[in-house]
>>> print(open('coords_18.pdb').read())   # PDB, C-alpha atoms
ATOM      1  CA  MET M 227     131.362  18.910 -82.205
ATOM      2  CA  ASN M 228     131.797  20.360 -85.675
ATOM      3  CA  ILE M 229     134.566  19.074 -87.926
ATOM      4  CA  PRO M 230     137.095  21.754 -88.937
ATOM      5  CA  GLU M 231     136.011  23.137 -92.308
ATOM      6  CA  ILE M 232     139.487  22.667 -93.788
ATOM      7  CA  ILE M 233     139.240  18.901 -93.308
ATOM      8  CA  LEU M 234     135.864  18.743 -95.046
ATOM      9  CA  GLN M 235     137.135  20.885 -97.907
ATOM     10  CA  LYS M 236     140.176  18.714 -98.425
ATOM     11  CA  ALA M 237     138.101  15.529 -98.265
ATOM     12  CA  GLU M 238     136.088  16.799-101.214
ATOM     13  CA  SER M 239     138.987  18.178-103.244
ATOM     14  CA  HIS M 240     141.624  15.539-102.420
ATOM     15  CA  ARG M 241     139.927  12.226-103.052
ATOM     16  CA  ILE M 242     143.104  10.152-103.254
ATOM     17  CA  ILE M 243     144.715   9.381 -99.907
ATOM     18  CA  SER M 244     148.275   8.121 -99.779
ATOM     19  CA  GLY M 245     148.358   5.043 -97.533
ATOM     20  CA  MET M 246     151.604   4.660 -95.637
ATOM     21  CA  MET M 247     151.572   0.949 -94.789
ATOM     22  CA  ARG M 248     154.112   0.070 -97.481
ATOM     23  CA  LEU M 249     156.688   2.494 -96.132
ATOM     24  CA  MET M 250     157.499  -0.496 -93.945
ATOM     25  CA  GLY M 251     161.035  -1.698 -94.594
ATOM     26  CA  ARG M 252     161.887   1.178 -96.910
ATOM     27  CA  GLY M 253     165.081   3.082 -96.255
ATOM     28  CA  PRO M 254     164.999   6.876 -95.892
ATOM     29  CA  ASP M 255     166.180   7.525 -99.449
ATOM     30  CA  GLU M 256     163.424   5.432-101.051
ATOM     31  CA  ALA M 257     160.735   6.537 -98.621
ATOM     32  CA  PHE M 258     161.594  10.233 -98.799
ATOM     33  CA  SER M 259     161.760  10.102-102.598
ATOM     34  CA  PHE M 260     158.222   8.743-102.794
ATOM     35  CA  LEU M 261     156.877  11.231-100.253
ATOM     36  CA  ASP M 262     158.523  14.107-102.126
ATOM     37  CA  PHE M 263     156.912  12.824-105.327
ATOM     38  CA  ALA M 264     153.478  12.570-103.700
ATOM     39  CA  MET M 265     153.740  16.135-102.396
ATOM     40  CA  GLU M 266     154.880  17.427-105.799
ATOM     41  CA  ARG M 267     151.764  15.828-107.307
ATOM     42  CA  GLY M 268     149.542  17.724-104.885
ATOM     43  CA  THR M 269     148.946  15.044-102.252
ATOM     44  CA  VAL M 270     148.016  16.426 -98.849
ATOM     45  CA  TRP M 271     146.226  13.479 -97.173
ATOM     46  CA  PHE M 272     148.284  10.678 -95.611
ATOM     47  CA  ASP M 273     146.929   7.608 -93.816
ATOM     48  CA  HIS M 274     148.781   5.803 -91.025
ATOM     49  CA  ALA M 275     148.144   3.213 -88.314
ATOM     50  CA  ASP M 276     150.235   2.392 -85.289
ATOM     51  CA  ILE M 277     150.573  -1.235 -86.442
ATOM     52  CA  TYR M 278     152.079  -0.349 -89.828
ATOM     53  CA  GLY M 279     155.601  -1.618 -89.408
ATOM     54  CA  ASN M 280     154.966  -1.621 -85.659
ATOM     55  CA  GLY M 281     155.282   2.151 -85.727
ATOM     56  CA  ASP M 282     158.214   2.307 -88.144
ATOM     57  CA  CYS M 283     156.088   3.810 -90.930
ATOM     58  CA  GLU M 284     155.035   6.702 -88.705
ATOM     59  CA  HIS M 285     158.624   7.188 -87.580
ATOM     60  CA  THR M 286     159.848   7.329 -91.187
ATOM     61  CA  PHE M 287     157.131   9.819 -92.088
ATOM     62  CA  GLY M 288     157.971  11.966 -89.072
ATOM     63  CA  SER M 289     161.635  12.015 -90.051
ATOM     64  CA  TRP M 290     160.629  13.123 -93.553
ATOM     65  CA  LEU M 291     158.499  15.956 -92.157
ATOM     66  CA  LYS M 292     161.384  17.168 -90.027
ATOM     67  CA  THR M 293     164.086  16.730 -92.668
ATOM     68  CA  ARG M 294     162.104  18.482 -95.381
ATOM     69  CA  ASN M 295     160.755  21.147 -93.006
ATOM     70  CA  ILE M 296     157.225  20.501 -94.270
ATOM     71  CA  GLN M 297     154.581  22.981 -93.119
ATOM     72  CA  ARG M 298     152.354  20.791 -90.943
ATOM     73  CA  GLU M 299     149.221  22.873 -91.506
ATOM     74  CA  ASN M 300     149.347  22.103 -95.242
ATOM     75  CA  LEU M 301     148.781  18.376 -94.645
ATOM     76  CA  ILE M 302     145.954  16.165 -93.447
ATOM     77  CA  ILE M 303     147.505  13.398 -91.356
ATOM     78  CA  GLN M 304     145.438  10.603 -89.906
ATOM     79  CA  SER M 305     146.248   7.470 -87.967
ATOM     80  CA  LYS M 306     144.504   4.549 -86.309
ATOM     81  CA  CYS M 307     144.873   2.325 -83.277
ATOM     82  CA  GLY M 308     143.141  -0.566 -81.561
ATOM     83  CA  ILE M 309     144.752  -3.686 -83.028
ATOM     84  CA  LYS M 310     147.187  -5.754 -81.001
ATOM     85  CA  PRO M 311     148.261  -8.176 -83.762
ATOM     86  CA  GLY M 312     147.507 -11.791 -82.925
ATOM     87  CA  ILE M 313     146.356 -10.859 -79.421
ATOM     88  CA  CYS M 314     143.167  -8.799 -79.303
ATOM     89  CA  TYR M 315     141.437  -5.559 -80.230
ATOM     90  CA  ASP M 316     141.698  -2.862 -77.568
ATOM     91  CA  ASN M 317     139.587   0.285 -77.703
ATOM     92  CA  SER M 318     139.857   1.113 -74.031
ATOM     93  CA  ALA M 319     140.408   4.765 -73.124
ATOM     94  CA  ASP M 320     143.843   4.104 -71.640
ATOM     95  CA  TYR M 321     144.995   2.283 -74.744
ATOM     96  CA  ILE M 322     143.657   4.990 -77.046
ATOM     97  CA  MET M 323     145.335   7.788 -75.077
ATOM     98  CA  LYS M 324     148.698   6.001 -74.908
ATOM     99  CA  SER M 325     148.495   5.053 -78.579
ATOM    100  CA  VAL M 326     147.811   8.606 -79.730
ATOM    101  CA  ASP M 327     150.733   9.907 -77.672
ATOM    102  CA  GLY M 328     152.966   7.280 -79.272
ATOM    103  CA  ILE M 329     151.683   8.106 -82.755
ATOM    104  CA  LEU M 330     152.326  11.822 -82.298
ATOM    105  CA  SER M 331     155.790  11.168 -80.932
ATOM    106  CA  ARG M 332     156.741   9.011 -83.924
ATOM    107  CA  LEU M 333     155.225  11.469 -86.401
ATOM    108  CA  GLU M 334     156.941  14.355 -84.605
ATOM    109  CA  CYS M 335     153.626  16.239 -84.736
ATOM    110  CA  ASP M 336     151.527  18.051 -82.165
ATOM    111  CA  TYR M 337     148.182  16.842 -83.490
ATOM    112  CA  LEU M 338     146.340  14.479 -85.816
ATOM    113  CA  ASP M 339     143.776  15.897 -88.197
ATOM    114  CA  VAL M 340     141.843  12.610 -88.044
ATOM    115  CA  PHE M 341     141.991   9.730 -85.577
ATOM    116  CA  LEU M 342     140.261   6.415 -86.336
ATOM    117  CA  ILE M 343     139.313   3.365 -84.273
ATOM    118  CA  HIS M 344     140.950   0.666 -86.393
ATOM    119  CA  ARG M 345     138.557  -2.229 -85.750
ATOM    120  CA  PRO M 346     135.338  -2.658 -83.760
ATOM    121  CA  ASP M 347     135.978  -4.212 -80.366
ATOM    122  CA  VAL M 348     133.238  -6.475 -78.994
ATOM    123  CA  LEU M 349     134.350  -5.493 -75.491
ATOM    124  CA  TRP M 350     134.480  -1.767 -76.151
ATOM    125  CA  GLU M 351     132.661   0.683 -73.909
ATOM    126  CA  PRO M 352     131.522   3.611 -76.074
ATOM    127  CA  GLU M 353     131.033   5.890 -73.067
ATOM    128  CA  GLU M 354     134.700   5.379 -72.225
ATOM    129  CA  ILE M 355     135.725   6.000 -75.844
ATOM    130  CA  GLY M 356     133.609   9.163 -75.873
ATOM    131  CA  LYS M 357     135.509  10.480 -72.860
ATOM    132  CA  ALA M 358     138.820   9.648 -74.549
ATOM    133  CA  PHE M 359     137.669  11.577 -77.632
ATOM    134  CA  ASP M 360     136.820  14.544 -75.394
ATOM    135  CA  ARG M 361     140.272  14.519 -73.817
ATOM    136  CA  LEU M 362     142.013  14.219 -77.181
ATOM    137  CA  TYR M 363     139.975  17.030 -78.687
ATOM    138  CA  GLU M 364     140.235  19.389 -75.718
ATOM    139  CA  SER M 365     143.998  18.858 -75.507
ATOM    140  CA  GLY M 366     144.339  19.718 -79.197
ATOM    141  CA  LYS M 367     145.796  16.325 -80.054
ATOM    142  CA  VAL M 368     142.984  15.310 -82.454
ATOM    143  CA  ARG M 369     140.700  17.469 -84.587
ATOM    144  CA  ALA M 370     138.265  14.912 -86.068
ATOM    145  CA  PHE M 371     137.277  11.311 -85.396
ATOM    146  CA  GLY M 372     136.162   8.225 -87.235
ATOM    147  CA  VAL M 373     136.298   4.463 -87.421
ATOM    148  CA  SER M 374     137.518   1.745 -89.731
ATOM    149  CA  ASN M 375     135.767  -1.476 -90.754
ATOM    150  CA  CYS M 376     132.614  -0.720 -88.748
ATOM    151  CA  ASN M 377     128.999  -1.479 -89.647
ATOM    152  CA  PRO M 378     126.062   0.922 -89.101
ATOM    153  CA  ALA M 379     125.023  -0.505 -85.723
ATOM    154  CA  GLN M 380     128.573  -0.235 -84.386
ATOM    155  CA  ILE M 381     128.869   3.354 -85.566
ATOM    156  CA  GLU M 382     125.482   4.241 -84.054
ATOM    157  CA  TYR M 383     126.497   2.657 -80.755
ATOM    158  CA  LEU M 384     129.647   4.743 -80.649
ATOM    159  CA  GLN M 385     127.977   7.919 -81.934
ATOM    160  CA  LYS M 386     125.306   7.700 -79.230
ATOM    161  CA  ASN M 387     128.012   8.003 -76.609
ATOM    162  CA  THR M 388     130.116  10.850 -77.954
ATOM    163  CA  THR M 389     129.449  14.476 -78.824
ATOM    164  CA  HIS M 390     131.990  14.229 -81.638
ATOM    165  CA  LYS M 391     130.713  13.289 -85.078
ATOM    166  CA  VAL M 392     131.959   9.928 -86.304
ATOM    167  CA  ALA M 393     132.921  11.485 -89.613
ATOM    168  CA  PHE M 394     134.952   8.797 -91.383
ATOM    169  CA  ASN M 395     134.763   5.061 -91.973
ATOM    170  CA  GLN M 396     137.542   3.148 -93.714
ATOM    171  CA  VAL M 397     136.156   0.148 -95.547
ATOM    172  CA  GLN M 398     137.396  -2.379 -98.062
ATOM    173  CA  LEU M 399     135.851  -1.888-101.495
ATOM    174  CA  SER M 400     136.822  -2.863-105.020
ATOM    175  CA  LEU M 401     135.299  -4.217-108.206
ATOM    176  CA  ALA M 402     136.082  -7.711-106.933
ATOM    177  CA  PHE M 403     135.049  -7.039-103.321
ATOM    178  CA  ALA M 404     131.745  -5.194-103.295
ATOM    179  CA  PRO M 405     129.276  -6.770-100.840
ATOM    180  CA  MET M 406     128.125  -3.342 -99.682
ATOM    181  CA  ILE M 407     126.972  -2.663-103.242
ATOM    182  CA  SER M 408     125.580  -6.066-104.239
ATOM    183  CA  GLU M 409     123.500  -6.410-101.061
ATOM    184  CA  GLY M 410     121.670  -3.221-101.958
ATOM    185  CA  LEU M 411     121.211  -3.977-105.636
ATOM    186  CA  GLU M 412     119.990  -7.520-104.956
ATOM    187  CA  THR M 413     117.736  -6.759-101.999
ATOM    188  CA  ASN M 414     114.759  -9.111-101.639
ATOM    189  CA  THR M 415     116.222 -11.863-103.823
ATOM    190  CA  TYR M 416     117.546 -15.368-103.131
ATOM    191  CA  SER M 417     120.941 -14.428-104.561
ATOM    192  CA  GLN M 418     123.982 -15.053-102.356
ATOM    193  CA  ASN M 419     125.178 -11.584-103.342
ATOM    194  CA  GLY M 420     121.970 -10.186-101.888
ATOM    195  CA  LEU M 421     122.842 -11.376 -98.388
ATOM    196  CA  SER M 422     123.484  -8.453 -96.073
ATOM    197  CA  ARG M 423     127.106  -8.544 -95.008
ATOM    198  CA  THR M 424     127.491  -4.851 -94.168
ATOM    199  CA  LEU M 425     123.980  -4.061 -92.868
ATOM    200  CA  GLY M 426     123.393  -1.401 -95.499
ATOM    201  CA  LEU M 427     126.681   0.392 -94.864
ATOM    202  CA  LEU M 428     126.847   2.275 -98.173
ATOM    203  CA  ASP M 429     123.458   3.935 -97.799
ATOM    204  CA  TYR M 430     123.953   4.449 -94.066
ATOM    205  CA  CYS M 431     127.154   6.437 -94.635
ATOM    206  CA  ARG M 432     125.388   8.467 -97.304
ATOM    207  CA  LEU M 433     122.513   9.231 -94.948
ATOM    208  CA  ARG M 434     124.785  10.192 -92.052
ATOM    209  CA  GLY M 435     127.234  12.221 -94.124
ATOM    210  CA  ILE M 436     130.105   9.907 -93.224
ATOM    211  CA  GLU M 437     133.128  10.012 -95.505
ATOM    212  CA  MET M 438     133.995   6.538 -96.789
ATOM    213  CA  GLN M 439     137.685   5.919 -97.277
ATOM    214  CA  THR M 440     137.974   2.802 -99.427
ATOM    215  CA  TRP M 441     141.012   0.565 -99.055
ATOM    216  CA  SER M 442     142.403  -2.238-101.261
ATOM    217  CA  PRO M 443     140.712  -0.836-104.405
ATOM    218  CA  LEU M 444     142.551  -3.319-106.655
ATOM    219  CA  GLN M 445     142.259  -6.421-104.484
ATOM    220  CA  PHE M 446     140.021  -9.469-104.486
ATOM    221  CA  GLY M 447     139.271 -11.291-101.242
ATOM    222  CA  THR M 448     141.133 -10.088 -98.189
ATOM    223  CA  PHE M 449     144.798  -9.594 -99.075
ATOM    224  CA  GLN M 450     144.617 -12.371-101.686
ATOM    225  CA  GLY M 451     146.028 -10.356-104.545
ATOM    226  CA  THR M 452     145.061  -7.952-107.292
ATOM    227  CA  PHE M 453     142.490  -8.605-109.989
ATOM    228  CA  ILE M 454     144.449  -6.470-112.471
ATOM    229  CA  ASP M 455     145.676  -8.801-115.261
ATOM    230  CA  ASN M 456     144.610 -11.783-113.140
ATOM    231  CA  PRO M 457     143.464 -14.673-115.414
ATOM    232  CA  GLY M 458     140.666 -15.407-112.955
ATOM    233  CA  TYR M 459     139.101 -12.051-113.849
ATOM    234  CA  GLY M 460     139.251 -12.234-117.639
ATOM    235  CA  PRO M 461     135.948 -10.474-118.491
ATOM    236  CA  LEU M 462     136.670  -7.715-115.981
ATOM    237  CA  ASN M 463     140.144  -7.093-117.378
ATOM    238  CA  GLY M 464     138.682  -7.032-120.877
ATOM    239  CA  LYS M 465     136.239  -4.324-119.869
ATOM    240  CA  LEU M 466     138.938  -2.400-118.023
ATOM    241  CA  TRP M 467     141.138  -2.524-121.131
ATOM    242  CA  GLU M 468     138.292  -1.217-123.269
ATOM    243  CA  LEU M 469     137.903   1.802-120.994
ATOM    244  CA  CYS M 470     141.675   2.307-120.824
ATOM    245  CA  GLN M 471     141.600   2.968-124.566
ATOM    246  CA  LYS M 472     138.828   5.520-124.188
ATOM    247  CA  TYR M 473     140.305   7.465-121.259
ATOM    248  CA  GLY M 474     144.013   6.999-122.011
ATOM    249  CA  VAL M 475     144.850   5.667-118.562
ATOM    250  CA  SER M 476     145.743   2.354-116.911
ATOM    251  CA  LYS M 477     143.425  -0.376-115.658
ATOM    252  CA  ALA M 478     144.256   0.680-112.103
ATOM    253  CA  SER M 479     143.047   4.208-112.840
ATOM    254  CA  ILE M 480     139.727   2.918-114.157
ATOM    255  CA  ALA M 481     139.301   0.577-111.179
ATOM    256  CA  ALA M 482     139.919   3.392-108.692
ATOM    257  CA  ALA M 483     137.591   5.686-110.636
ATOM    258  CA  TRP M 484     134.880   3.041-110.247
ATOM    259  CA  ASN M 485     135.067   3.502-106.464
ATOM    260  CA  LEU M 486     135.055   7.279-106.727
ATOM    261  CA  ARG M 487     131.975   7.258-108.970
ATOM    262  CA  LEU M 488     129.887   6.305-105.914
ATOM    263  CA  GLY M 489     129.768   9.908-104.766
ATOM    264  CA  ARG M 490     131.580  12.867-103.293
ATOM    265  CA  ASN M 491     131.722  11.239 -99.861
ATOM    266  CA  VAL M 492     134.040   8.508-101.186
ATOM    267  CA  GLN M 493     137.829   8.617-101.144
ATOM    268  CA  VAL M 494     140.323   5.995-102.304
ATOM    269  CA  ILE M 495     143.334   4.984-100.248
ATOM    270  CA  SER M 496     146.297   4.123-102.420
ATOM    271  CA  GLY M 497     148.522   1.592-100.699
ATOM    272  CA  THR M 498     151.503   1.948-103.014
ATOM    273  CA  VAL M 499     154.873   3.664-102.722
ATOM    274  CA  ASN M 500     155.613   3.003-106.397
ATOM    275  CA  LYS M 501     155.600   6.373-108.157
ATOM    276  CA  GLU M 502     154.169   5.078-111.437
ATOM    277  CA  HIS M 503     151.406   3.183-109.679
ATOM    278  CA  TYR M 504     150.597   6.155-107.495
ATOM    279  CA  GLU M 505     150.294   8.355-110.570
ATOM    280  CA  ASP M 506     147.643   5.906-111.815
ATOM    281  CA  PHE M 507     145.572   6.554-108.699
ATOM    282  CA  LEU M 508     145.886  10.318-109.042
ATOM    283  CA  LYS M 509     144.554  10.120-112.602
ATOM    284  CA  ALA M 510     141.460   8.317-111.335
ATOM    285  CA  ALA M 511     140.265  11.510-109.646
ATOM    286  CA  ASN M 512     139.801  13.114-113.072
ATOM    287  CA  ILE M 513     137.727  10.279-114.577
ATOM    288  CA  ASN M 514     133.951  10.389-114.351
ATOM    289  CA  LEU M 515     132.652   7.057-115.607
ATOM    290  CA  THR M 516     129.251   7.064-117.256
ATOM    291  CA  ARG M 517     126.423   5.122-115.657
ATOM    292  CA  GLU M 518     126.671   2.480-118.407
ATOM    293  CA  GLU M 519     130.436   2.149-117.909
ATOM    294  CA  TRP M 520     130.126   1.808-114.138
ATOM    295  CA  TYR M 521     127.478  -0.908-114.380
ATOM    296  CA  GLY M 522     129.367  -2.569-117.222
ATOM    297  CA  LEU M 523     132.399  -3.005-114.961
ATOM    298  CA  TYR M 524     130.194  -4.276-112.130
ATOM    299  CA  LEU M 525     128.676  -6.946-114.380
ATOM    300  CA  ALA M 526     132.075  -7.870-115.831
ATOM    301  CA  ALA M 527     133.309  -8.456-112.289
ATOM    302  CA  GLY M 528     130.805 -11.289-111.996
ATOM    303  CA  TYR M 529     127.898  -9.577-110.303
ATOM    304  CA  SER M 530     124.386  -9.509-111.712
ATOM    305  CA  LEU M 531     121.366  -7.241-111.796
ATOM    306  CA  PRO M 532     118.023  -8.768-110.754
TER     307      PRO M 532
END
>>> encode(input="coords_18.pdb", output="structure tokens")
Amino acid sequence: MNIPEIILQKAESHRIISGMMRLMGRGPDEAFSFLDFAMERGTVWFDHADIYGNGDCEHTFGSWLKTRNIQRENLIIQSKCGIKPGICYDNSADYIMKSVDGILSRLECDYLDVFLIHRPDVLWEPEEIGKAFDRLYESGKVRAFGVSNCNPAQIEYLQKNTTHKVAFNQVQLSLAFAPMISEGLETNTYSQNGLSRTLGLLDYCRLRGIEMQTWSPLQFGTFQGTFIDNPGYGPLNGKLWELCQKYGVSKASIAAAWNLRLGRNVQVISGTVNKEHYEDFLKAANINLTREEWYGLYLAAGYSLP
């Protein structure tokens, strides 16, 4: 099935996605104030998951939509399901269908622009998922589909069993977490960074025309903290500061721009509800790092070129 043209257009023109996970625990006044700010700054793409605040984030967002009388067709709203925290991953058709109904109810919306499988499930049955996608699409509840944290083989396995294009893949990527880049640059070497940890995911998504939505663009490790002003990343912060002076933006802006420089099929998910920090991400969309600057940051992050 073809993806609605409006979604493709907005993916190219709106490269910063506002991630809603940190709406968790925020009262309506604080949450609504940030969402108003994001809209005023031109944000149209919002990312959810049913596990964010155990559904509370979606509920808060839905209340904002209703209270502000936002025109639904002006937004791109996506959500994910499949994680039962501390229990298992569940990508069964029944779970997907029930989850989407719950998501729509909390968001107070009739449809999702994009629905993503949150994590690959070793026990998943792609034929079953394909049928669930059919039902969601035909009922008008979902307009486009994708995955999150999946490698090429997993995407191929799913794509083989559905007529709907797997059009999006959410993946972790930052200057301090870039195995999908180092494995390609250090192919056919003995370097530890040349080990294939993503099975060529970057080039696969490019080949298949899959939009990569990159999360945790300022983090090192997995939820270990930010590398911005972290003493453990001295050379990287020095290089970031140098480019801050040139472009007149923050280190966060430069770091997010580094992700975006990978191509038009890359978006950045901002996980903040701090207005100042979010403004930093928006500025990244207007920065086009030179080749020398991009590689300079990569090397300053501790990677090498063979």
>>> closest_residue(input="coords_18.pdb", among="M:Ala402, M:Leu261, M:Ile329, M:Ile233", to="Ile277 of chain M", atoms="only C-alpha atoms")
M:Ile329
>>> residues_around(input="coords_18.pdb", residues="Ile381 of chain M", least_positions_apart="5", cutoff="8 Å", atoms="all atoms listed in the file", output="PDB file with C-alpha atoms, keeping the file's coordinate frame")
ATOM      1  CA  VAL M 373     136.298   4.463 -87.421  1.00  0.00           C
ATOM      2  CA  CYS M 376     132.614  -0.720 -88.748  1.00  0.00           C
ATOM      3  CA  VAL M 392     131.959   9.928 -86.304  1.00  0.00           C
TER       4      VAL M 392
END
>>> closest_residue(input="coords_18.pdb", among="M:Ser259, M:Asn395, M:Asn463, M:Thr269", to="Ser239 of chain M", atoms="all atoms listed in the file")
M:Thr269
>>> residues_around(input="coords_18.pdb", residues="segment 406-410 of chain M", least_positions_apart="3", cutoff="7 Å", atoms="only C-alpha atoms", output="JSON list (two decimals) with C-alpha atoms, in the coordinates of the input")
[["chain", "number", "residue", "atom", "x", "y", "z"],
["M", 413, "THR", "CA", 117.74, -6.76, -102.00],
["M", 419, "ASN", "CA", 125.18, -11.58, -103.34],
["M", 420, "GLY", "CA", 121.97, -10.19, -101.89],
["M", 421, "LEU", "CA", 122.84, -11.38, -98.39],
["M", 422, "SER", "CA", 123.48, -8.45, -96.07],
["M", 424, "THR", "CA", 127.49, -4.85, -94.17],
["M", 426, "GLY", "CA", 123.39, -1.40, -95.50],
["M", 427, "LEU", "CA", 126.68, 0.39, -94.86],
["M", 428, "LEU", "CA", 126.85, 2.28, -98.17]]
>>> closest_atom_pairs(input="coords_18.pdb", of="segment 357-413 of chain M", to="segment 283-305 of chain M", cutoff="12 Å", atoms="all atoms listed in the file", output="CSV")
residue,atom,partner,partner_atom,distance
M:Lys367,CA,M:Gln304,CA,11.4
M:Val368,CA,M:Gln304,CA,9.1
M:Arg369,CA,M:Gln304,CA,9.9
M:Ala370,CA,M:Gln304,CA,9.2
M:Phe371,CA,M:Gln304,CA,9.4
M:Gly372,CA,M:Gln304,CA,9.9
M:Val373,CA,M:Ser305,CA,10.4
M:Ser374,CA,M:Ser305,CA,10.6
M:Phe394,CA,M:Gln304,CA,10.7
M:Gln396,CA,M:Ser305,CA,11.3
>>> resolve_selection(input="coords_18.pdb", expression="the PyMOL selection byres ((chain M and resi 509-526) around 6)", output="list of chain:residue names")
M:Pro461, M:Leu462, M:Ser479, M:Ala482, M:Ala483, M:Asp506, M:Phe507, M:Leu508, M:Ala527, M:Gly528, M:Tyr529, M:Ser530
>>> residues_near_point(input="coords_18.pdb", point="(154.3, 2.2, -83.2)", cutoff="10 Å", atoms="only C-alpha atoms", output="list in words")
Ala275, Asp276, Ile277, Tyr278, Gly279, Asn280, Gly281, Asp282, Cys283, Glu284, His285, Cys307, Ser325, Val326, Gly328, Ile329, Leu330, Ser331, Arg332 and Leu333 of chain M
>>> residues_near_point(input="coords_18.pdb", point="(149.2, 3.4, -99.0)", cutoff="10 Å", atoms="only C-alpha atoms", output="ChimeraX atom specification")
/M:243-249,272-274,441-442,494-500,504
>>> atom_distance(input="coords_18.pdb", atom1="atom CA of Asp455 of chain M", atom2="atom CA of Val475 of chain M")
14.9 Å
>>> atom_distance(input="coords_18.pdb", atom1="atom CA of Pro311 of chain M", atom2="atom CA of Gln439 of chain M")
22.2 Å
>>> atom_distance(input="coords_18.pdb", atom1="atom CA of Leu531 of chain M", atom2="atom CA of Leu411 of chain M")
7.0 Å
>>> resolve_selection(input="coords_18.pdb", expression="the PyMOL selection byres ((chain M and resi 344) around 6)", output="ChimeraX atom specification")
/M:306-308,342-343,345,374
>>> closest_residue(input="coords_18.pdb", among="M:Pro352, M:Pro346, M:Gly251, M:Gly464", to="Cys314 of chain M", atoms="all atoms listed in the file")
M:Pro346
>>> closest_residue(input="coords_18.pdb", among="M:Leu401, M:Met438, M:Leu444, M:Leu349", to="Ala237 of chain M", atoms="only C-alpha atoms")
M:Met438
>>> residues_around(input="coords_18.pdb", residues="Ala358 of chain M", least_positions_apart="2", cutoff="10 Å", atoms="all atoms listed in the file", output="PyMOL selection string")
chain M and resi 317-323+352-356+360-364+388
>>> residues_around(input="coords_18.pdb", residues="Val348 of chain M", least_positions_apart="5", cutoff="10 Å", atoms="all atoms listed in the file", output="PyMOL selection string")
chain M and resi 315-317+380
>>> closest_residue(input="coords_18.pdb", among="M:Gly451, M:Pro532, M:Pro457, M:Pro378", to="Leu433 of chain M", atoms="all atoms listed in the file")
M:Pro378
>>> closest_residue(input="coords_18.pdb", among="M:Lys386, M:Lys324, M:Lys472, M:Arg434", to="Glu351 of chain M", atoms="all atoms listed in the file")
M:Lys386
>>> axis_aligned_box(input="coords_18.pdb", around="segment 271-282 of chain M", padding_each_side="4 Å", output="AutoDock Vina command-line options")
--center_x 152.2 --center_y 5.9 --center_z -91.2 --size_x 20.0 --size_y 23.1 --size_z 19.9
>>> decode(input="coords_18.pdb", residues="segment 429-441 of chain M", atoms="N, CA and C atoms", output="mmCIF file, in the first residue's frame")
data_model
loop_
_atom_site.group_PDB
_atom_site.id
_atom_site.type_symbol
_atom_site.label_atom_id
_atom_site.label_comp_id
_atom_site.auth_asym_id
_atom_site.auth_seq_id
_atom_site.Cartn_x
_atom_site.Cartn_y
_atom_site.Cartn_z
ATOM 1 N N ASP M 429 22.647 1.590 5.780
ATOM 2 C CA ASP M 429 22.561 1.463 4.332
ATOM 3 C C ASP M 429 21.310 0.717 3.897
ATOM 4 N N TYR M 430 20.852 -0.216 4.707
ATOM 5 C CA TYR M 430 19.611 -0.932 4.389
ATOM 6 C C TYR M 430 18.436 0.040 4.325
ATOM 7 N N CYS M 431 18.311 0.910 5.333
ATOM 8 C CA CYS M 431 17.199 1.860 5.342
ATOM 9 C C CYS M 431 17.295 2.825 4.168
ATOM 10 N N ARG M 432 18.517 3.190 3.808
ATOM 11 C CA ARG M 432 18.694 4.043 2.630
ATOM 12 C C ARG M 432 18.225 3.323 1.365
ATOM 13 N N LEU M 433 18.609 2.077 1.229
ATOM 14 C CA LEU M 433 18.240 1.301 0.046
ATOM 15 C C LEU M 433 16.737 1.100 -0.064
ATOM 16 N N ARG M 434 16.089 0.852 1.072
ATOM 17 C CA ARG M 434 14.655 0.551 1.076
ATOM 18 C C ARG M 434 13.773 1.789 1.179
ATOM 19 N N GLY M 435 14.375 2.960 1.304
ATOM 20 C CA GLY M 435 13.578 4.174 1.435
ATOM 21 C C GLY M 435 12.816 4.224 2.741
ATOM 22 N N ILE M 436 13.434 3.719 3.797
ATOM 23 C CA ILE M 436 12.809 3.709 5.123
ATOM 24 C C ILE M 436 13.274 4.930 5.909
ATOM 25 N N GLU M 437 12.330 5.688 6.418
ATOM 26 C CA GLU M 437 12.650 6.862 7.218
ATOM 27 C C GLU M 437 13.208 6.414 8.569
ATOM 28 N N MET M 438 14.386 6.940 8.919
ATOM 29 C CA MET M 438 14.979 6.631 10.216
ATOM 30 C C MET M 438 14.690 7.764 11.198
ATOM 31 N N GLN M 439 14.023 7.414 12.270
ATOM 32 C CA GLN M 439 13.726 8.378 13.317
ATOM 33 C C GLN M 439 14.680 8.098 14.477
ATOM 34 N N THR M 440 15.637 8.989 14.684
ATOM 35 C CA THR M 440 16.712 8.715 15.639
ATOM 36 C C THR M 440 16.374 9.260 17.024
ATOM 37 N N TRP M 441 16.481 8.362 18.013
ATOM 38 C CA TRP M 441 16.152 8.765 19.388
ATOM 39 C C TRP M 441 17.421 8.832 20.244
#
